[in-house]
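Presented below is the structure to which this report refers.
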Amino acid sequence: MALYKTDAIVLGHRNLGEADKILTLFSPDRGKIHAVARGVRRPRNPILAGSQLFSYSKFLIVEGRNLDSISQCEIKESFYKIRQNLESMAYGLYFAELLRASTPVEDKNRELFRFFLKTMYLLQEMEDKEILSRIYEIKLMAIQGFAPEVFVCVNCGRKVSDKISFSPAMGGILCHDCKKQGAVSITPDTLSVLQKMLTMTYEELKDITLNKYTREQLSEILSLFISHQIDRKLKTVEFIKDVKKLNIKSGL
């Protein structure tokens, strides 16, 4: 049986039998992989640490007829801070689920891997995780080839300065004359933020501040846009809402 080595981030897992897990890994040179971690639910298993959720590890994997098996793994970054904080955990789960949902199996994309890895480092550090989430969403869609059109009307190609709407179905902004049913009205401020998030780097956006109304508009239109692109509902969206409610009740 063939062996291969790859660096990968653990995007998710599910139990198999009494002691095994099937891990979903994301690799720069193999894309999304499903592999069995045998005995990993037993204490002191040698691959336990490197196979934790969000861990970034170097894996030695045995190719199988139906499912590959993890032979060894060496941890490179545990991202334990994400797992220790409930809000960070919620967003980490969302980022991972969105990546899994929008990425075919074994579709190699090094740019996407580097972007996701950088996002996980920022998730440990950035206080405003909601803004990080909006930046992640639009950039992830762009890297996957689904960048929304936010500079000219997606229907007629004219520049739009006021009376702007965003059409999730058409994949971009519409001018007043082209507005269609299902399009959501947005302010020039929201459009400006969309343009910045799409074209600027994480480093350039790290100090961006948004008012409540702009945050709400961004959340609404990007949620609708993503739902249209991936054609499924993400379970972790509700988990983030529950965590936010809990934080409000706790006064955090």
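Starting from 1 in every chain, residues are counted up; chains themselves are A, B, ... following the order of the structure tokens, and ligands are numbered from 1 as listed.
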
Set the distance at 9 Å and use only C-alpha atoms: which residues neighbour A:Gln217 once local chain neighbours fewer than 4 positions away are removed? I'd like the list as a JSON list (two decimals) with N, CA and C atoms, in the first residue's frame.
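Output file around17.json is given in full below:
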[["chain", "number", "residue", "atom", "x", "y", "z"],
["A", 184, "VAL", "N", -31.22, 43.12, -1.94],
["A", 184, "VAL", "CA", -31.26, 43.78, -0.63],
["A", 184, "VAL", "C", -30.61, 45.16, -0.74],
["A", 185, "SER", "N", -31.32, 46.18, -0.30],
["A", 185, "SER", "CA", -30.77, 47.54, -0.33],
["A", 185, "SER", "C", -29.62, 47.66, 0.65],
["A", 186, "ILE", "N", -28.54, 48.33, 0.21],
["A", 186, "ILE", "CA", -27.39, 48.55, 1.09],
["A", 186, "ILE", "C", -26.95, 50.00, 0.97],
["A", 187, "THR", "N", -26.24, 50.47, 1.99],
["A", 187, "THR", "CA", -25.77, 51.85, 2.01],
["A", 187, "THR", "C", -24.42, 51.96, 1.28],
["A", 190, "THR", "N", -21.69, 50.47, 3.41],
["A", 190, "THR", "CA", -21.59, 49.01, 3.34],
["A", 190, "THR", "C", -20.88, 48.58, 2.06],
["A", 212, "LYS", "N", -22.97, 49.43, 13.92],
["A", 212, "LYS", "CA", -23.90, 48.32, 14.07],
["A", 212, "LYS", "C", -24.70, 48.06, 12.78],
["A", 213, "TYR", "N", -25.17, 49.13, 12.13],
["A", 213, "TYR", "CA", -26.02, 48.97, 10.94],
["A", 213, "TYR", "C", -25.23, 48.34, 9.80],
["A", 221, "ILE", "N", -26.27, 40.21, 3.78],
["A", 221, "ILE", "CA", -26.03, 39.97, 2.35],
["A", 221, "ILE", "C", -25.00, 38.86, 2.11],
["A", 222, "LEU", "N", -23.99, 38.76, 2.97],
["A", 222, "LEU", "CA", -23.00, 37.70, 2.77],
["A", 222, "LEU", "C", -23.59, 36.34, 3.12]]

Would you kindly return, as an mmCIF file with N, CA and C atoms, in the first residue's frame, each protein, DNA or RNA residue with an atom no farther than 9 Å from any atom of stretch 226-241 of chain A, considering only C-alpha atoms and excluding same-chain residues fewer than 6 positions away?
data_model
loop_
_atom_site.group_PDB
_atom_site.id
_atom_site.type_symbol
_atom_site.label_atom_id
_atom_site.label_comp_id
_atom_site.auth_asym_id
_atom_site.auth_seq_id
_atom_site.Cartn_x
_atom_site.Cartn_y
_atom_site.Cartn_z
ATOM 1 N N GLU A 87 -16.257 31.439 22.177
ATOM 2 C CA GLU A 87 -16.533 32.260 20.991
ATOM 3 C C GLU A 87 -15.574 31.909 19.854
ATOM 4 N N ALA A 90 -16.590 28.626 18.373
ATOM 5 C CA ALA A 90 -17.776 28.733 17.513
ATOM 6 C C ALA A 90 -17.394 29.232 16.121
ATOM 7 N N TYR A 91 -16.579 30.279 16.082
ATOM 8 C CA TYR A 91 -16.169 30.815 14.780
ATOM 9 C C TYR A 91 -15.233 29.848 14.059
ATOM 10 N N LEU A 93 -15.304 26.605 14.209
ATOM 11 C CA LEU A 93 -16.174 25.564 13.650
ATOM 12 C C LEU A 93 -16.891 26.060 12.394
ATOM 13 N N TYR A 94 -17.316 27.330 12.432
ATOM 14 C CA TYR A 94 -17.988 27.914 11.266
ATOM 15 C C TYR A 94 -17.025 28.029 10.085
ATOM 16 N N PHE A 95 -15.819 28.540 10.347
ATOM 17 C CA PHE A 95 -14.839 28.674 9.271
ATOM 18 C C PHE A 95 -14.541 27.316 8.642
ATOM 19 N N GLU A 97 -16.475 24.570 8.713
ATOM 20 C CA GLU A 97 -17.645 24.023 8.012
ATOM 21 C C GLU A 97 -17.834 24.695 6.659
ATOM 22 N N LEU A 98 -17.642 26.024 6.608
ATOM 23 C CA LEU A 98 -17.781 26.732 5.336
ATOM 24 C C LEU A 98 -16.730 26.270 4.336
ATOM 25 N N ALA A 101 -17.770 22.792 3.138
ATOM 26 C CA ALA A 101 -18.957 22.827 2.278
ATOM 27 C C ALA A 101 -18.662 23.387 0.888
ATOM 28 N N SER A 102 -17.651 24.223 0.780
ATOM 29 C CA SER A 102 -17.383 24.901 -0.495
ATOM 30 C C SER A 102 -16.221 24.295 -1.269
ATOM 31 N N GLU A 137 -15.381 35.343 4.956
ATOM 32 C CA GLU A 137 -16.435 34.898 4.039
ATOM 33 C C GLU A 137 -16.204 35.406 2.621
ATOM 34 N N ILE A 138 -15.987 36.709 2.489
ATOM 35 C CA ILE A 138 -15.889 37.271 1.142
ATOM 36 C C ILE A 138 -14.597 36.834 0.451
ATOM 37 N N MET A 141 -14.897 33.064 -0.636
ATOM 38 C CA MET A 141 -15.683 32.936 -1.845
ATOM 39 C C MET A 141 -14.892 33.381 -3.075
ATOM 40 N N PHE A 146 -15.835 32.577 -6.649
ATOM 41 C CA PHE A 146 -17.184 33.133 -6.565
ATOM 42 C C PHE A 146 -17.171 34.562 -6.017
ATOM 43 N N PRO A 168 -28.041 38.423 -4.172
ATOM 44 C CA PRO A 168 -27.346 37.154 -3.940
ATOM 45 C C PRO A 168 -27.407 36.227 -5.148
ATOM 46 N N ALA A 169 -28.545 36.222 -5.838
ATOM 47 C CA ALA A 169 -28.726 35.326 -6.979
ATOM 48 C C ALA A 169 -27.857 35.730 -8.173
ATOM 49 N N GLY A 171 -25.165 37.683 -7.865
ATOM 50 C CA GLY A 171 -23.775 37.700 -7.430
ATOM 51 C C GLY A 171 -23.112 39.055 -7.403
#

Original post:
Quick one: residues within 12 Å of A:Gln195, only C-alpha atoms counted, chain neighbours fewer than 2 positions away excluded, as a ChimeraX atom specification?
Top reply: /A:135,138-139,147-152,172-173,188-193,197-201,205,218

Subject >> Using only C-alpha atoms: which of A:Ile131, A:Ile164, A:Cys178, A:Leu246 has the shortest distance to A:Asn211 >> reply: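 Under the stated criterion, the closest residue is A:Ile131.
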
**OP:** Quote the spacing between atom CA of A:Leu132 and atom CA of A:Phe166 in Å to one decimal place.
**Re:** 21.0 Å

Subject >> Atom-to-atom span, atom CA of A:Val243 and atom CA of A:Ile75, Å >> reply: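 We find that atom CA of A:Val243 and atom CA of A:Ile75 lie 28.9 Å from each other.
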
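Using only C-alpha atoms, the nearest neighbour of A:Ile82 within the list A:Leu210, A:Val10, A:Phe116, A:Tyr121 is A:Tyr121.
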
**OP:** Show which residues sit within 12 Å of A:Leu48, as an MDAnalysis selection string. Count only C-alpha atoms, and ignore same-chain residues fewer than 2 positions away.
**Re:** chainID A and resid 10 19:21 23 37:46 50:53 55 57 70:75 78

Restricted to C-alpha atoms, what would the selected residues look like written as a CSV table (one decimal), in the first residue's frame?
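Below is the file that was written, part_28.csv:
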chain,number,residue,atom,x,y,z
A,10,VAL,CA,-8.0,19.1,11.0
A,19,ALA,CA,-11.9,3.9,19.4
A,20,ASP,CA,-11.5,5.3,15.9
A,21,LYS,CA,-12.3,8.6,14.2
A,23,LEU,CA,-10.9,13.0,10.2
A,37,ALA,CA,-7.3,7.8,12.9
A,38,ARG,CA,-7.3,4.4,14.5
A,39,GLY,CA,-7.4,4.1,18.2
A,40,VAL,CA,-7.2,7.9,18.6
A,41,ARG,CA,-10.0,8.0,21.2
A,42,ARG,CA,-7.9,5.9,23.6
A,43,PRO,CA,-5.7,7.7,26.2
A,44,ARG,CA,-2.0,8.2,25.3
A,45,ASN,CA,-2.6,7.4,21.7
A,46,PRO,CA,0.5,8.7,19.8
A,50,GLY,CA,-1.9,16.1,16.3
A,51,SER,CA,-5.4,14.9,15.3
A,52,GLN,CA,-7.3,17.4,17.6
A,53,LEU,CA,-9.8,19.7,15.9
A,55,SER,CA,-4.6,21.2,14.8
A,57,SER,CA,0.2,18.7,11.7
A,70,ILE,CA,-3.3,7.9,9.4
A,71,SER,CA,-0.1,6.1,10.3
A,72,GLN,CA,1.8,9.0,12.1
A,73,CYS,CA,1.4,12.7,12.8
A,74,GLU,CA,3.7,15.4,14.1
A,75,ILE,CA,2.0,18.5,15.5
A,78,SER,CA,-2.2,23.1,18.1

**OP:** Report the residues of stretch 75-225 of chain A whose backbone DSSP state falls under strand (DSSP E or B), written as JSON, numbers by chain.
**Re:** {"A": [75, 76, 77, 105, 149, 152, 159, 164, 165, 166, 167, 172, 173, 174, 184, 185, 186]}

Original post:
Quick one: of A:Ala2, A:Glu63, A:Asp107, A:Ala35, who's nearest to A:Leu16, counting only C-alpha atoms?
Top reply: A:Ala35

**OP:** Quick one: pick out all alpha helix (DSSP H) residues within stretch 92-174 of chain A from a backbone DSSP run and write them as a VMD selection string.
**Re:** chain A and resid 92 to 102 110 to 125 129 to 143

**OP:** Mind checking which residues fall within 7 Å of A:Val105, counting only C-alpha atoms, ignoring those fewer than 5 positions away in the same chain, and posting them as number ranges by chain?
**Re:** A: 31-33

Original post:
Which one is closest to A:Lys244: A:Ile208, A:Met126, A:Leu86, A:Leu194? Count only C-alpha atoms.
Top reply: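 Going through A:Ile208, A:Met126, A:Leu86, A:Leu194 one by one, the smallest distance to A:Lys244 is for A:Leu86.
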
Original post:
Quick one, how far is atom CA of A:Met89 from atom CA of A:His13?
Top reply: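 Distance between the two atoms: 14.7 Å.
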
**OP:** Choose the residue, out of A:Lys180, A:His34, A:Lys196, A:Arg14, that has the smallest atom-to-atom separation from A:Glu106; count only C-alpha atoms.
**Re:** A:His34

Original post:
A:Tyr4, A:Tyr136, A:Phe54, A:Phe115: which is nearest A:Gly92, counting only C-alpha atoms?
Top reply: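 The closest residue to A:Gly92 is A:Phe54.
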